[in-house]
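Structure first, then comments.
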Amino acid sequence: MPIAKAVRASLERGSWIRKMFEAGIELKARLGPDAVYDFSLGNPDLEPPAEFLAALKAAASSDELGSHAYMTNSGYPFARAAMAEKVALEHGVPTTADDVVMTVGAAGALNVILRTVVNPGDEVVVVRPYFAEYSAYVDNAGGVLVVADSAPDFSLDPDAVARVLSPRTAAVIVNSPNNPTGRVYPASAIAALAAVLSRHAAASGRAPYLVVDEPYRDIVYDGVAVPPVLSAYPDSVVASSFSKTLSIPGERLGYLAVNPACSDKALLMAGLAASNRVLGFVNAPALMQRAVAASWRAKADVSRYERRRAMLSAVLDEAGIRYARPEGAFYLFCEAPAAAAARAATGESAATGESADVAFAMALKDRGVLSVPGVGFGYPGWIRLCYCVPEATIEGSRKAFLDTMEAYRG
Ligand SMILES: Cc1ncc(COP(=O)(O)O)c(C=O)c1O
C-alpha cells in the first residue's frame with residue numbers, strides 16, 4: 001500500500017534512530033543482552049519518585065463520579081492551576097490556570113503550539129544540533145524548518161538566529177537544557193535572543209513566538225540554574241512535561257503555558273485548546289493529571305545521573321573521545337574521531353565531518369555499543385550517547401570504547 005510522501009520522507013530522515021533500535025534487538029539476540037550497551041534512547045532508567053507513585057495510587061483509588069470522563073480540552077482546572085504555579089516560580093511571570101493547557105507530553109505541547117501559530121509555508125527556526133523530532137513537528141503544522149547554528153561550544157548564538165529570521169518566521173524554538181548537547185542557556189543569552197526577536201518584530205511587524213522546550217529543566221549539574229525565559233520576551237510559550245523529571249515518559253503528561261503578557265492571548269488560548277482537540281489528543285490523560293497535580297514538586301534524583309555522567313565521561317576520556325561537557329539533561333554529544341582529525345587538519349567548523357558520525361556509530365555498534373549519529377540532529381560528525389542507563393551498562397562498555405578507538409588509531 002502506498003503511504004504519503006511526507007511520511008515516507010520522515011521515515012527516511014528518522015532512519016538512524018530506527019536502525020539503531022533495530023540493530024539493538026538483533027545484537028541482543030546474537031550476543032546476549034549483557035554484551036550490548038545501549039546508549040541510544042533517552043528513556044530514564046530511574047524509578048519515578050515515591051511522591052508520584054503514592055499520588056498515582058490515591059488517584060486510582062478515587063471513586064468520585066466522572067473521574068474518567070471527557071473534560072474541557074485544556075484539562076482539569078486544578079491541574080492547570082498547579083502548572084501555572086510551577087511556571088510562575090520558574091519563569092517569573094504571573095501565570096494562572098487560564099494560561100495553561102494540559103497536553104500529551106512535551107511532544108503533544110509542541111505539536112499543539114505549532115499547529116496553532118503556523119500558516120502553510122511559515123518558517124520555524126531551530127538551533128542545531130536539535131531534537132530530531134522537530135522537523136516532523138514543523139512538517140505536521142505545514143511549516144518550513146529553518147536551522148540556525150549554535151556557537152562552536154553549542155551555546156546559543158543569538159546573532160546566528162537573527163541571520164535566519166524573515167517576515168515568514170512564525171516561531172523560534174529553544175531547548176535548554178539541550179538534547180543532544182546538555183547545554184544550558186544562561187540568562188545573558190536569553191536576554192540577547194529576546195532583544196533580537198523584539199528588534200525583528202519592530203522591523204517586520206510580526207513578532208515570532210518564542211517556544212521554550214524544557215522537559216529537562218530540573219536535570220542540571222554543578223549548581224547550574226536554568227534561567228527564566230518568559231519574563232524576557234512577551235510572545236513566549238513553554239512546552240514541558242514530566243517525562244524526564246518524574247521518569248514517566250510512557251504516561252504522556254505535559255503542559256504548555258502562555259506568557260500572560262502575550263498579544264491576543266484570549267484568541268491564542270482558544271486556538272491552543274481547539275488544536276489539542278482536533279489533533280486527536282482531545283485532552284491529556286485524566287488519571288495522570290490527578291497524580292501529577294498532587295506530586296509535581298517531586299524531582300528525579302539528579303545525583304544518580306551525575307554519577308553516570310562522571311562514569312561515562314571517564315570512559316570517554318580514557319578512550320580519547322572528545323565531547324561537550326553537559327550542564328544538564330542526560331546526553332553526551334561526542335565528536336567522531338575522523339571528524340576531529342579533519343577539523344584539526346583543515347581548521348574547519350566542527351560540523352563539516354559528514355558521515356564520520358555514521359562510520360563511528362557503526363564501528364561502536366560492531367563492538368556492542370549503540371549510539372545515535374549526529375546527522376539525525378542536523379549535526380553530522382558527532383554522535384549522541386544517553387547516560388540514563390544502568391551503571392553496569394557504562395562499566396561494561398569501557399572495553400568496547402577503548403577497542404573502537406584503538407582500531408581507529410591503528
Ligand atoms: C528536547 C525534547 N523535547 C521534547 C521531547 C518530548 O518529550 P515528551 O516525552 O514529554 O513528549 C523530548 C523527548 O525526548 C526532548 O528530548
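Each chain in the C-alpha cells gets a letter, A, B and so on, in the order shown; residues start at 1 in every chain, and ligands are counted from 1 in the order they appear.
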List the neighbours of Val212 of chain A out to 6 Å using only C-alpha atoms; skip same-chain residues closer than 4 positions along the sequence, and give me the result as a CSV table (one decimal) with all heavy atoms, in the first residue's frame.
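Listing of around_32.csv after writing:
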chain,number,residue,atom,x,y,z
A,174,VAL,N,13.6,27.2,21.3
A,174,VAL,CA,14.9,26.9,22.1
A,174,VAL,C,14.7,25.8,23.1
A,174,VAL,O,13.6,25.7,23.7
A,174,VAL,CB,15.4,28.2,22.8
A,174,VAL,CG1,15.9,29.2,21.8
A,174,VAL,CG2,14.4,28.8,23.7
A,238,VAL,N,5.8,28.1,27.0
A,238,VAL,CA,6.6,27.0,27.5
A,238,VAL,C,5.9,25.7,27.0
A,238,VAL,O,4.7,25.6,27.1
A,238,VAL,CB,6.6,27.0,29.0
A,238,VAL,CG1,7.2,25.7,29.5
A,238,VAL,CG2,7.5,28.1,29.5
A,239,ALA,N,6.8,24.7,26.6
A,239,ALA,CA,6.3,23.4,26.4
A,239,ALA,C,7.1,22.5,27.3
A,239,ALA,O,8.3,22.5,27.2
A,239,ALA,CB,6.5,23.0,24.9
Compile the contact shell of Tyr137 of chain A as a list in words: residues with an atom at most 8 Å away, counting only C-alpha atoms, same-chain residues fewer than 6 positions apart removed.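 Listed by chain and then number, they are Leu110, Asn111 and Leu114 of chain A.
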With all heavy atoms retained, export the selected residues as a short mmCIF file (atom, residue, chain, number, x, y, z; two decimals), in the first residue's frame.
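again.cif written:
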data_model
loop_
_atom_site.label_atom_id
_atom_site.label_comp_id
_atom_site.auth_asym_id
_atom_site.auth_seq_id
_atom_site.Cartn_x
_atom_site.Cartn_y
_atom_site.Cartn_z
N LEU A 110 4.24 20.72 21.86
CA LEU A 110 4.91 21.35 20.71
C LEU A 110 4.03 21.26 19.46
O LEU A 110 3.89 22.23 18.70
CB LEU A 110 6.27 20.68 20.46
CG LEU A 110 7.33 20.98 21.53
CD1 LEU A 110 8.50 20.01 21.43
CD2 LEU A 110 7.83 22.42 21.40
N ASN A 111 3.41 20.10 19.26
CA ASN A 111 2.53 19.96 18.08
C ASN A 111 1.32 20.86 18.17
O ASN A 111 0.90 21.45 17.18
CB ASN A 111 2.12 18.49 17.91
CG ASN A 111 3.18 17.70 17.16
OD1 ASN A 111 3.32 17.83 15.95
ND2 ASN A 111 3.96 16.92 17.88
N LEU A 114 2.56 24.52 17.50
CA LEU A 114 2.91 24.79 16.09
C LEU A 114 1.67 24.79 15.21
O LEU A 114 1.51 25.63 14.33
CB LEU A 114 3.95 23.78 15.60
CG LEU A 114 5.32 23.90 16.29
CD1 LEU A 114 6.28 22.82 15.78
CD2 LEU A 114 5.94 25.28 16.07
#
Which residues of chain A have any atom within 8 Å of an atom in ligand 1 when counting only C-alpha atoms and all ligand atoms, and what is the closest pair of atoms for each, with the distance in Å to one decimal? Order the rows by chain and rising number and write it as CSV.
residue,atom,partner,partner_atom_place_in_ligand_line,distance
A:Gly42,CA,ligand 1,14 (O),5.8
A:Asn43,CA,ligand 1,14 (O),7.7
A:Val104,CA,ligand 1,11 (O),6.8
A:Gly105,CA,ligand 1,10 (O),3.6
A:Ala106,CA,ligand 1,10 (O),3.8
A:Ala107,CA,ligand 1,11 (O),3.6
A:Gly108,CA,ligand 1,11 (O),6.1
A:Ala109,CA,ligand 1,11 (O),7.8
A:Leu110,CA,ligand 1,4 (C),7.6
A:Tyr130,CA,ligand 1,1 (C),7.7
A:Phe131,CA,ligand 1,1 (C),5.2
A:Glu133,CA,ligand 1,4 (C),8.0
A:Asn175,CA,ligand 1,1 (C),5.8
A:Ser176,CA,ligand 1,1 (C),7.8
A:Asn178,CA,ligand 1,1 (C),6.3
A:Asn179,CA,ligand 1,1 (C),5.0
A:Pro180,CA,ligand 1,16 (O),7.6
A:Asp213,CA,ligand 1,3 (N),5.8
A:Glu214,CA,ligand 1,1 (C),6.7
A:Pro215,CA,ligand 1,3 (N),6.2
A:Tyr216,CA,ligand 1,1 (C),7.6
A:Ala239,CA,ligand 1,4 (C),8.0
A:Ser240,CA,ligand 1,10 (O),6.5
A:Ser241,CA,ligand 1,10 (O),4.6
A:Phe242,CA,ligand 1,10 (O),6.4
A:Ser243,CA,ligand 1,10 (O),4.8
A:Lys244,CA,ligand 1,10 (O),7.3
A:Pro249,CA,ligand 1,9 (O),4.9
A:Gly250,CA,ligand 1,9 (O),7.5
A:Arg252,CA,ligand 1,10 (O),6.2
A:Leu253,CA,ligand 1,10 (O),6.6
A:Gly254,CA,ligand 1,10 (O),5.9
Selected residues written out, N, CA, C and O atoms, as a compact mmCIF listing (two decimals), in the first residue's frame:
# COMPACT_ATOMS: atom_id res chain seq x y z
N GLY A 42 16.66 8.07 25.05
CA GLY A 42 16.54 8.93 26.24
C GLY A 42 15.38 8.50 27.13
O GLY A 42 14.49 9.30 27.43
N ASN A 43 15.44 7.25 27.55
CA ASN A 43 14.37 6.68 28.37
C ASN A 43 14.88 6.56 29.80
O ASN A 43 15.71 5.70 30.08
N VAL A 104 -0.46 15.97 25.96
CA VAL A 104 0.09 14.61 25.92
C VAL A 104 1.61 14.75 25.73
O VAL A 104 2.13 14.73 24.62
N GLY A 105 2.31 14.94 26.82
CA GLY A 105 3.75 15.11 26.80
C GLY A 105 4.17 16.46 26.25
O GLY A 105 3.33 17.27 25.79
N ALA A 106 5.49 16.71 26.27
CA ALA A 106 6.03 17.91 25.64
C ALA A 106 5.85 17.82 24.13
O ALA A 106 5.65 18.83 23.45
N ALA A 107 5.90 16.60 23.61
CA ALA A 107 5.70 16.40 22.16
C ALA A 107 4.31 16.88 21.76
O ALA A 107 4.14 17.58 20.76
N GLY A 108 3.30 16.51 22.56
CA GLY A 108 1.94 16.98 22.28
C GLY A 108 1.87 18.50 22.37
O GLY A 108 1.26 19.17 21.53
N ALA A 109 2.53 19.07 23.39
CA ALA A 109 2.50 20.54 23.57
C ALA A 109 3.10 21.22 22.34
O ALA A 109 2.55 22.20 21.81
N LEU A 110 4.24 20.72 21.86
CA LEU A 110 4.91 21.35 20.71
C LEU A 110 4.03 21.26 19.46
O LEU A 110 3.89 22.23 18.70
N TYR A 130 19.68 19.85 16.99
CA TYR A 130 18.34 20.00 17.56
C TYR A 130 17.68 18.63 17.74
O TYR A 130 18.05 17.64 17.08
N PHE A 131 16.71 18.58 18.67
CA PHE A 131 15.92 17.38 18.93
C PHE A 131 15.33 16.90 17.59
O PHE A 131 14.63 17.66 16.91
N GLU A 133 12.99 15.21 16.41
CA GLU A 133 11.57 15.22 16.06
C GLU A 133 11.05 16.59 15.61
O GLU A 133 9.96 16.69 15.06
N ASN A 175 15.69 25.00 23.21
CA ASN A 175 15.62 23.82 24.08
C ASN A 175 16.82 23.84 25.03
O ASN A 175 17.96 23.65 24.61
N SER A 176 16.52 24.10 26.30
CA SER A 176 17.58 24.20 27.31
C SER A 176 17.01 23.72 28.64
O SER A 176 15.93 24.19 29.02
N ASN A 178 19.69 21.19 26.84
CA ASN A 178 19.55 20.79 25.45
C ASN A 178 19.74 19.28 25.22
O ASN A 178 20.63 18.66 25.79
N ASN A 179 18.91 18.76 24.38
CA ASN A 179 19.08 17.43 23.80
C ASN A 179 19.49 17.68 22.36
O ASN A 179 18.69 18.27 21.61
N PRO A 180 20.67 17.35 21.90
CA PRO A 180 21.60 16.36 22.46
C PRO A 180 22.84 16.90 23.18
O PRO A 180 23.67 16.09 23.59
N ASP A 213 11.20 24.88 24.93
CA ASP A 213 11.00 23.44 25.11
C ASP A 213 11.92 22.99 26.24
O ASP A 213 13.13 22.94 26.07
N GLU A 214 11.33 22.65 27.40
CA GLU A 214 12.22 22.43 28.56
C GLU A 214 11.84 21.24 29.44
O GLU A 214 11.75 21.36 30.66
N PRO A 215 11.69 20.05 28.83
CA PRO A 215 11.37 18.89 29.67
C PRO A 215 12.51 18.49 30.63
O PRO A 215 12.27 17.73 31.56
N TYR A 216 13.73 19.04 30.39
CA TYR A 216 14.86 18.68 31.26
C TYR A 216 15.17 19.77 32.28
O TYR A 216 16.25 19.77 32.88
N ALA A 239 6.75 24.74 26.58
CA ALA A 239 6.28 23.36 26.36
C ALA A 239 7.11 22.48 27.28
O ALA A 239 8.34 22.54 27.22
N SER A 240 6.46 21.72 28.12
CA SER A 240 7.24 20.89 29.03
C SER A 240 6.47 19.63 29.40
O SER A 240 5.35 19.42 28.91
N SER A 241 7.09 18.80 30.24
CA SER A 241 6.43 17.54 30.61
C SER A 241 7.09 16.97 31.86
O SER A 241 8.07 17.52 32.37
N PHE A 242 6.54 15.86 32.29
CA PHE A 242 7.10 15.15 33.45
C PHE A 242 7.80 13.87 33.03
O PHE A 242 8.16 13.04 33.86
N SER A 243 8.00 13.72 31.71
CA SER A 243 8.62 12.50 31.18
C SER A 243 9.98 12.24 31.80
O SER A 243 10.33 11.10 32.13
N LYS A 244 10.78 13.30 31.95
CA LYS A 244 12.17 13.13 32.38
C LYS A 244 12.31 13.39 33.87
O LYS A 244 13.01 12.66 34.56
N PRO A 249 7.92 8.84 31.06
CA PRO A 249 7.67 9.16 29.64
C PRO A 249 6.52 8.37 29.04
O PRO A 249 5.82 8.87 28.16
N GLY A 250 6.32 7.16 29.53
CA GLY A 250 5.23 6.34 28.96
C GLY A 250 3.85 6.81 29.37
O GLY A 250 2.85 6.42 28.76
N ARG A 252 2.83 9.97 29.35
CA ARG A 252 2.45 11.02 28.43
C ARG A 252 1.74 12.20 29.10
O ARG A 252 0.62 12.54 28.72
N LEU A 253 2.38 12.80 30.06
CA LEU A 253 1.76 14.00 30.63
C LEU A 253 2.69 15.22 30.52
O LEU A 253 3.83 15.19 30.98
N GLY A 254 2.16 16.25 29.90
CA GLY A 254 2.90 17.50 29.75
C GLY A 254 1.94 18.67 29.83
O GLY A 254 0.75 18.52 30.17
Near-Val229 of chain A list (10 Å; only C-alpha atoms; drop same-chain fewer than 2 positions) as a VMD selection string: chain A and resid 90 to 93 174 185 to 187 190 to 191 194 210 to 212 226 to 227 231 to 234 236 to 238 259
Those selected residues, please, written with N, CA, C and O atoms and delivered as an mmCIF file, in the first residue's frame.
data_model
loop_
_atom_site.group_PDB
_atom_site.id
_atom_site.type_symbol
_atom_site.label_atom_id
_atom_site.label_comp_id
_atom_site.auth_asym_id
_atom_site.auth_seq_id
_atom_site.Cartn_x
_atom_site.Cartn_y
_atom_site.Cartn_z
ATOM 1 N N GLU A 90 9.119 29.309 38.003
ATOM 2 C CA GLU A 90 10.291 29.073 37.146
ATOM 3 C C GLU A 90 10.572 30.238 36.188
ATOM 4 O O GLU A 90 11.711 30.463 35.803
ATOM 5 N N HIS A 91 9.512 30.945 35.791
ATOM 6 C CA HIS A 91 9.679 31.942 34.724
ATOM 7 C C HIS A 91 9.411 33.374 35.156
ATOM 8 O O HIS A 91 9.495 34.295 34.333
ATOM 9 N N GLY A 92 9.027 33.549 36.432
ATOM 10 C CA GLY A 92 8.899 34.912 36.947
ATOM 11 C C GLY A 92 7.801 35.726 36.289
ATOM 12 O O GLY A 92 7.941 36.942 36.148
ATOM 13 N N VAL A 93 6.735 35.064 35.851
ATOM 14 C CA VAL A 93 5.575 35.796 35.310
ATOM 15 C C VAL A 93 4.316 35.267 36.014
ATOM 16 O O VAL A 93 4.287 34.102 36.421
ATOM 17 N N VAL A 174 13.598 27.162 21.342
ATOM 18 C CA VAL A 174 14.861 26.940 22.060
ATOM 19 C C VAL A 174 14.660 25.815 23.073
ATOM 20 O O VAL A 174 13.604 25.706 23.688
ATOM 21 N N TYR A 185 21.290 27.342 28.490
ATOM 22 C CA TYR A 185 21.489 28.715 28.017
ATOM 23 C C TYR A 185 21.356 29.682 29.195
ATOM 24 O O TYR A 185 20.318 29.703 29.868
ATOM 25 N N PRO A 186 22.375 30.488 29.446
ATOM 26 C CA PRO A 186 22.316 31.421 30.584
ATOM 27 C C PRO A 186 21.385 32.602 30.317
ATOM 28 O O PRO A 186 20.992 32.855 29.170
ATOM 29 N N ALA A 187 21.084 33.348 31.384
ATOM 30 C CA ALA A 187 20.161 34.491 31.277
ATOM 31 C C ALA A 187 20.649 35.506 30.252
ATOM 32 O O ALA A 187 19.851 36.112 29.525
ATOM 33 N N ILE A 190 19.628 34.410 26.817
ATOM 34 C CA ILE A 190 18.172 34.538 26.642
ATOM 35 C C ILE A 190 17.810 36.011 26.428
ATOM 36 O O ILE A 190 17.004 36.351 25.553
ATOM 37 N N ALA A 191 18.457 36.899 27.194
ATOM 38 C CA ALA A 191 18.179 38.341 27.041
ATOM 39 C C ALA A 191 18.590 38.806 25.647
ATOM 40 O O ALA A 191 17.873 39.583 24.995
ATOM 41 N N ALA A 194 16.051 37.570 23.173
ATOM 42 C CA ALA A 194 14.814 38.364 23.287
ATOM 43 C C ALA A 194 14.979 39.701 22.574
ATOM 44 O O ALA A 194 14.067 40.176 21.877
ATOM 45 N N LEU A 210 8.304 32.829 20.806
ATOM 46 C CA LEU A 210 9.462 32.110 21.340
ATOM 47 C C LEU A 210 8.915 30.884 22.074
ATOM 48 O O LEU A 210 8.197 31.020 23.072
ATOM 49 N N VAL A 211 9.230 29.695 21.564
ATOM 50 C CA VAL A 211 8.729 28.447 22.148
ATOM 51 C C VAL A 211 9.865 27.834 22.967
ATOM 52 O O VAL A 211 10.946 27.543 22.443
ATOM 53 N N VAL A 212 9.620 27.671 24.257
ATOM 54 C CA VAL A 212 10.652 27.233 25.193
ATOM 55 C C VAL A 212 10.394 25.762 25.531
ATOM 56 O O VAL A 212 9.480 25.440 26.286
ATOM 57 N N VAL A 226 18.681 26.947 35.479
ATOM 58 C CA VAL A 226 18.058 27.283 34.200
ATOM 59 C C VAL A 226 17.298 28.597 34.411
ATOM 60 O O VAL A 226 16.399 28.662 35.241
ATOM 61 N N PRO A 227 17.667 29.659 33.683
ATOM 62 C CA PRO A 227 17.054 30.959 33.970
ATOM 63 C C PRO A 227 15.621 31.039 33.457
ATOM 64 O O PRO A 227 15.216 30.257 32.599
ATOM 65 N N SER A 231 9.839 35.780 31.258
ATOM 66 C CA SER A 231 9.956 37.166 31.737
ATOM 67 C C SER A 231 10.790 38.021 30.778
ATOM 68 O O SER A 231 10.773 39.248 30.866
ATOM 69 N N ALA A 232 11.525 37.369 29.849
ATOM 70 C CA ALA A 232 12.411 38.133 28.947
ATOM 71 C C ALA A 232 11.722 38.582 27.667
ATOM 72 O O ALA A 232 12.197 39.497 26.994
ATOM 73 N N TYR A 233 10.602 37.931 27.289
ATOM 74 C CA TYR A 233 10.009 38.215 25.974
ATOM 75 C C TYR A 233 8.515 37.906 26.032
ATOM 76 O O TYR A 233 8.131 36.783 26.402
ATOM 77 N N PRO A 234 7.652 38.854 25.687
ATOM 78 C CA PRO A 234 6.215 38.654 25.947
ATOM 79 C C PRO A 234 5.551 37.545 25.126
ATOM 80 O O PRO A 234 4.736 36.793 25.656
ATOM 81 N N SER A 236 5.774 34.537 24.273
ATOM 82 C CA SER A 236 6.510 33.300 24.540
ATOM 83 C C SER A 236 5.585 32.256 25.155
ATOM 84 O O SER A 236 4.570 32.587 25.790
ATOM 85 N N VAL A 237 5.963 31.000 24.943
ATOM 86 C CA VAL A 237 5.157 29.903 25.474
ATOM 87 C C VAL A 237 6.070 28.732 25.841
ATOM 88 O O VAL A 237 7.019 28.428 25.119
ATOM 89 N N VAL A 238 5.793 28.137 26.985
ATOM 90 C CA VAL A 238 6.581 26.995 27.459
ATOM 91 C C VAL A 238 5.923 25.699 27.016
ATOM 92 O O VAL A 238 4.692 25.576 27.071
ATOM 93 N N ASN A 259 2.698 33.012 28.069
ATOM 94 C CA ASN A 259 3.042 34.222 28.834
ATOM 95 C C ASN A 259 1.794 35.090 29.001
ATOM 96 O O ASN A 259 1.137 35.419 28.002
#
What's around Leu46 of chain A at 12 Å? Count only C-alpha atoms, leave out sequence neighbours fewer than 4 positions away in its own chain, and write the answer as a list in words. Gly42, Ala50, Ser243, Lys244, Thr245, Leu246, Ser247, Ile248, Pro249, Lys299, Ala300, Asp301, Val302, Ser303, Arg304, Tyr305, Arg308, Phe330, Tyr387, Cys388, Val389, Pro390 and Glu391 of chain A
Spatial neighbours of Thr96 of chain A, max dist 6 Å, only C-alpha atoms, sep filter under 2 positions, as a PyMOL selection string: chain A and resi 84+98-99
